[in-house]
Amino acid sequence: MSEPAANPNPEVGFVSHLIELRNRIAYALGAVGAVFIVLMIVPGSNQVYALIAQPLMDVLPAGMSMIATEVASPFLTPLKFTLAAAVTLTIPFLLYQVWAFVAPGLYKHEKGMVMPLVVSSVLLFYAGMAFAYFVVFPTVFKLFVDILPPGVQMMTDIKSYLDFVFSMFFAFGVAFEVPVAVVILTSTGVVNPETLAEKRPYVIVGVFVIAAILTPPDVASQFLLAVPMWILFEVGLFVARLLHRRRAADEATENKPLTDTEMTSMLDTYEKENPVGKKSPARKKRRE
């Protein structure tokens, strides 16, 4: 296995890397900007915020609604959310730009792992967001409404709601990347799958601590984040064990000495590919 070729001129290589990085960033920003403009001009795009606010609106008692406490909130909040939606929609393209930048410096077997990891990362991030929208938001918002003290009305500011939604989407999207993190750590040799399995009690405690930090101070949302993270950790550990066993089997096959039948077959193939009358050095050596 050959290593990536070293650049004879480090200064030229550094400048070329900077140019490549600049181009990748420009492509990423251009994609986000294009999607943002499309979302702004497409008819009905103003309903995007209403769609995100639907989980809260569904559980609010009759007569209650969301409010805007700042003068510019009705304009800036949907604009901010549209930008966030543009970034979310272009995540596959953004991750591809990252891969295209680092790919030239990777080994061949590492390049083979990159695309599956990128695809799984995108799908898991979207799955985390969907889980937050369809499962967590209805549960948490209903809990918030049910525990309102008597005489108190829940009138959430649209800016505060948007910040809450952003933080929850990000928390669950990143949390659902646990299997990818486990596979990367085990594939790069940072930790052995069996060693990671032995540390399961510490991982479970860490999962609940992370959930407590990333979610609001209520038990429901903490469990709704911690339990999926724990399950995804087990999924990642299962995949890591399979990959580890396959890699160990491949290494054992490569290091296994050839049998006489396999050696004879290889020598026959060699002699067929060479002019008639020439015997392979290995066959002459075996005869001696």
# chains A, B, ... in the order shown; residues from 1 in each chain; ligands from 1

call {"tool": "residues_around", "arguments": {"residues": "Ile231 (chain A)", "least_positions_apart": "5", "cutoff": "12 Å", "atoms": "only C-alpha atoms", "output": "number ranges by chain"}}
result
A: 175-179, 200, 203-204, 207, 223-226, 236-238

call {"tool": "closest_residue", "arguments": {"among": "A:Pro104, A:Pro138, A:Gly30, A:Pro43", "to": "Met57 (chain A)", "atoms": "only C-alpha atoms"}}
result
A:Pro138

call {"tool": "atom_distance", "arguments": {"atom1": "CA of Met129 (chain A)", "atom2": "CA of Leu185 (chain A)"}}
result
24.0 Å

call {"tool": "atom_distance", "arguments": {"atom1": "CA of Ile37 (chain A)", "atom2": "CA of Asp163 (chain A)"}}
result
22.0 Å

call {"tool": "closest_residue", "arguments": {"among": "A:Pro228, A:Pro216, A:Pro193, A:Pro55", "to": "Leu242 (chain A)", "atoms": "only C-alpha atoms"}}
result
A:Pro193

call {"tool": "residues_around", "arguments": {"residues": "region 113-121 of chain A", "least_positions_apart": "3", "cutoff": "10 Å", "atoms": "only C-alpha atoms", "output": "PDB file with N, CA and C atoms, in the first residue's frame"}}
result
ATOM      1  N   ILE A  91     -27.019  20.141   3.008  1.00  0.00           N
ATOM      2  CA  ILE A  91     -26.045  19.363   3.787  1.00  0.00           C
ATOM      3  C   ILE A  91     -25.349  18.290   2.943  1.00  0.00           C
ATOM      4  N   PRO A  92     -26.064  17.533   2.094  1.00  0.00           N
ATOM      5  CA  PRO A  92     -25.345  16.547   1.263  1.00  0.00           C
ATOM      6  C   PRO A  92     -24.265  17.178   0.396  1.00  0.00           C
ATOM      7  N   LEU A  95     -21.276  18.328   2.625  1.00  0.00           N
ATOM      8  CA  LEU A  95     -20.420  17.213   3.032  1.00  0.00           C
ATOM      9  C   LEU A  95     -19.608  16.686   1.854  1.00  0.00           C
ATOM     10  N   TYR A  96     -20.176  16.737   0.658  1.00  0.00           N
ATOM     11  CA  TYR A  96     -19.413  16.321  -0.517  1.00  0.00           C
ATOM     12  C   TYR A  96     -18.214  17.240  -0.748  1.00  0.00           C
ATOM     13  N   VAL A  98     -16.558  18.805   1.536  1.00  0.00           N
ATOM     14  CA  VAL A  98     -15.555  18.417   2.542  1.00  0.00           C
ATOM     15  C   VAL A  98     -14.806  17.175   2.075  1.00  0.00           C
ATOM     16  N   TRP A  99     -15.543  16.190   1.578  1.00  0.00           N
ATOM     17  CA  TRP A  99     -14.919  14.959   1.101  1.00  0.00           C
ATOM     18  C   TRP A  99     -13.993  15.235  -0.087  1.00  0.00           C
ATOM     19  N   VAL A 102     -10.623  16.639   1.174  1.00  0.00           N
ATOM     20  CA  VAL A 102      -9.700  15.761   1.913  1.00  0.00           C
ATOM     21  C   VAL A 102      -9.367  14.484   1.157  1.00  0.00           C
ATOM     22  N   ALA A 103     -10.134  14.140   0.115  1.00  0.00           N
ATOM     23  CA  ALA A 103      -9.956  12.867  -0.589  1.00  0.00           C
ATOM     24  C   ALA A 103      -8.561  12.672  -1.168  1.00  0.00           C
ATOM     25  N   LEU A 106      -6.086  10.859   1.159  1.00  0.00           N
ATOM     26  CA  LEU A 106      -6.476   9.617   1.806  1.00  0.00           C
ATOM     27  C   LEU A 106      -5.899   8.416   1.078  1.00  0.00           C
ATOM     28  N   LYS A 108      -6.251   4.461  -0.377  1.00  0.00           N
ATOM     29  CA  LYS A 108      -7.297   3.881  -1.210  1.00  0.00           C
ATOM     30  C   LYS A 108      -8.402   3.258  -0.364  1.00  0.00           C
ATOM     31  N   HIS A 109      -8.028   2.501   0.684  1.00  0.00           N
ATOM     32  CA  HIS A 109      -9.052   1.857   1.521  1.00  0.00           C
ATOM     33  C   HIS A 109      -9.826   2.888   2.344  1.00  0.00           C
ATOM     34  N   GLU A 110      -9.191   4.030   2.643  1.00  0.00           N
ATOM     35  CA  GLU A 110      -9.894   5.087   3.362  1.00  0.00           C
ATOM     36  C   GLU A 110     -10.909   5.776   2.454  1.00  0.00           C
ATOM     37  N   LEU A 124     -28.623   9.983   8.756  1.00  0.00           N
ATOM     38  CA  LEU A 124     -28.816   9.975  10.212  1.00  0.00           C
ATOM     39  C   LEU A 124     -29.138  11.377  10.729  1.00  0.00           C
ATOM     40  N   PHE A 125     -28.506  12.394  10.148  1.00  0.00           N
ATOM     41  CA  PHE A 125     -28.796  13.759  10.581  1.00  0.00           C
ATOM     42  C   PHE A 125     -30.248  14.118  10.276  1.00  0.00           C
ATOM     43  N   TYR A 126     -30.704  13.789   9.082  1.00  0.00           N
ATOM     44  CA  TYR A 126     -32.098  14.048   8.734  1.00  0.00           C
ATOM     45  C   TYR A 126     -33.043  13.209   9.591  1.00  0.00           C
ATOM     46  N   ALA A 127     -32.638  11.984   9.905  1.00  0.00           N
ATOM     47  CA  ALA A 127     -33.468  11.132  10.758  1.00  0.00           C
ATOM     48  C   ALA A 127     -33.595  11.730  12.153  1.00  0.00           C
ATOM     49  N   GLY A 173     -29.911  15.972  15.508  1.00  0.00           N
ATOM     50  CA  GLY A 173     -29.169  15.627  14.301  1.00  0.00           C
ATOM     51  C   GLY A 173     -27.771  15.149  14.612  1.00  0.00           C
ATOM     52  N   VAL A 174     -27.080  15.840  15.514  1.00  0.00           N
ATOM     53  CA  VAL A 174     -25.727  15.440  15.902  1.00  0.00           C
ATOM     54  C   VAL A 174     -25.764  14.152  16.723  1.00  0.00           C
ATOM     55  N   PHE A 176     -27.728  11.666  16.516  1.00  0.00           N
ATOM     56  CA  PHE A 176     -27.970  10.504  15.667  1.00  0.00           C
ATOM     57  C   PHE A 176     -26.734  10.115  14.851  1.00  0.00           C
ATOM     58  N   GLU A 177     -25.641  10.875  14.980  1.00  0.00           N
ATOM     59  CA  GLU A 177     -24.395  10.530  14.305  1.00  0.00           C
ATOM     60  C   GLU A 177     -23.543   9.570  15.133  1.00  0.00           C
ATOM     61  N   VAL A 178     -24.062   9.090  16.249  1.00  0.00           N
ATOM     62  CA  VAL A 178     -23.296   8.203  17.128  1.00  0.00           C
ATOM     63  C   VAL A 178     -22.770   6.969  16.399  1.00  0.00           C
ATOM     64  N   PRO A 179     -23.576   6.261  15.588  1.00  0.00           N
ATOM     65  CA  PRO A 179     -23.022   5.092  14.890  1.00  0.00           C
ATOM     66  C   PRO A 179     -21.837   5.424  13.996  1.00  0.00           C
ATOM     67  N   VAL A 180     -21.912   6.556  13.309  1.00  0.00           N
ATOM     68  CA  VAL A 180     -20.802   6.957  12.440  1.00  0.00           C
ATOM     69  C   VAL A 180     -19.549   7.212  13.266  1.00  0.00           C
ATOM     70  N   ALA A 181     -19.703   7.881  14.409  1.00  0.00           N
ATOM     71  CA  ALA A 181     -18.558   8.156  15.272  1.00  0.00           C
ATOM     72  C   ALA A 181     -17.941   6.859  15.781  1.00  0.00           C
ATOM     73  N   VAL A 183     -18.013   3.863  14.357  1.00  0.00           N
ATOM     74  CA  VAL A 183     -17.340   3.179  13.242  1.00  0.00           C
ATOM     75  C   VAL A 183     -16.013   3.855  12.917  1.00  0.00           C
ATOM     76  N   ILE A 184     -15.979   5.181  12.920  1.00  0.00           N
ATOM     77  CA  ILE A 184     -14.737   5.903  12.618  1.00  0.00           C
ATOM     78  C   ILE A 184     -13.684   5.624  13.683  1.00  0.00           C
ATOM     79  N   SER A 187     -12.502   1.979  13.253  1.00  0.00           N
ATOM     80  CA  SER A 187     -11.821   1.731  11.984  1.00  0.00           C
ATOM     81  C   SER A 187     -10.435   2.358  11.951  1.00  0.00           C
TER      82      SER A 187
END

call {"tool": "closest_residue", "arguments": {"among": "A:Leu56, A:Leu148, A:Phe101, A:Ser65", "to": "Ile19 (chain A)", "atoms": "only C-alpha atoms"}}
result
A:Phe101

call {"tool": "closest_residue", "arguments": {"among": "A:Leu232, A:Leu89, A:Ala197, A:Leu162", "to": "Val122 (chain A)", "atoms": "only C-alpha atoms"}}
result
A:Leu89

call {"tool": "atom_distance", "arguments": {"atom1": "CA of Leu83 (chain A)", "atom2": "CA of Leu214 (chain A)"}}
result
22.4 Å

call {"tool": "select_by_dssp", "arguments": {"residues": "region 150-263 of chain A", "states": "alpha helix (DSSP H)", "output": "ChimeraX atom specification"}}
result
/A:158-175,178-187,193-198,200-214,219-255,260-263

call {"tool": "residues_around", "arguments": {"residues": "Phe93 (chain A)", "least_positions_apart": "3", "cutoff": "8 Å", "atoms": "only C-alpha atoms", "output": "PyMOL selection string"}}
result
chain A and resi 28+31+90+96-97

call {"tool": "write_last_selection", "arguments": {"atoms": "N, CA and C atoms", "output": "CSV table (one decimal), in the first residue's frame"}}
result
chain,number,residue,atom,x,y,z
A,28,ALA,N,-19.8,25.9,-1.6
A,28,ALA,CA,-20.7,25.7,-0.5
A,28,ALA,C,-21.6,26.9,-0.3
A,31,ALA,N,-24.1,27.3,-3.2
A,31,ALA,CA,-25.2,26.4,-3.1
A,31,ALA,C,-26.2,26.9,-2.0
A,90,THR,N,-29.0,21.7,1.9
A,90,THR,CA,-27.7,21.6,1.1
A,90,THR,C,-26.7,20.8,1.9
A,96,TYR,N,-20.2,16.7,0.7
A,96,TYR,CA,-19.4,16.3,-0.5
A,96,TYR,C,-18.2,17.2,-0.7
A,97,GLN,N,-18.4,18.5,-0.5
A,97,GLN,CA,-17.3,19.5,-0.7
A,97,GLN,C,-16.2,19.2,0.3

call {"tool": "residues_around", "arguments": {"residues": "region 143-146 of chain A", "least_positions_apart": "6", "cutoff": "9 Å", "atoms": "only C-alpha atoms", "output": "list in words"}}
result
Val59, Leu60, Pro61, Gln153, Met154 and Ala220 of chain A

call {"tool": "write_last_selection", "arguments": {"atoms": "N, CA and C atoms", "output": "mmCIF file, in the first residue's frame"}}
result
data_model
loop_
_atom_site.group_PDB
_atom_site.id
_atom_site.type_symbol
_atom_site.label_atom_id
_atom_site.label_comp_id
_atom_site.auth_asym_id
_atom_site.auth_seq_id
_atom_site.Cartn_x
_atom_site.Cartn_y
_atom_site.Cartn_z
ATOM 1 N N VAL A 59 -51.043 21.861 20.095
ATOM 2 C CA VAL A 59 -51.313 21.560 21.507
ATOM 3 C C VAL A 59 -51.728 22.796 22.296
ATOM 4 N N LEU A 60 -51.653 23.981 21.700
ATOM 5 C CA LEU A 60 -52.071 25.178 22.416
ATOM 6 C C LEU A 60 -53.590 25.191 22.606
ATOM 7 N N PRO A 61 -54.055 25.576 23.775
ATOM 8 C CA PRO A 61 -55.507 25.676 23.990
ATOM 9 C C PRO A 61 -56.127 26.711 23.054
ATOM 10 N N GLN A 153 -51.186 31.963 30.773
ATOM 11 C CA GLN A 153 -51.369 31.632 29.367
ATOM 12 C C GLN A 153 -50.011 31.493 28.687
ATOM 13 N N MET A 154 -49.903 30.503 27.820
ATOM 14 C CA MET A 154 -48.652 30.244 27.096
ATOM 15 C C MET A 154 -48.682 30.989 25.777
ATOM 16 N N ALA A 220 -38.630 14.494 30.108
ATOM 17 C CA ALA A 220 -39.141 13.865 28.885
ATOM 18 C C ALA A 220 -38.180 14.024 27.716
#

call {"tool": "closest_residue", "arguments": {"among": "A:Ala26, A:Val48, A:Ile41, A:Leu79", "to": "Lys159 (chain A)", "atoms": "only C-alpha atoms"}}
result
A:Leu79
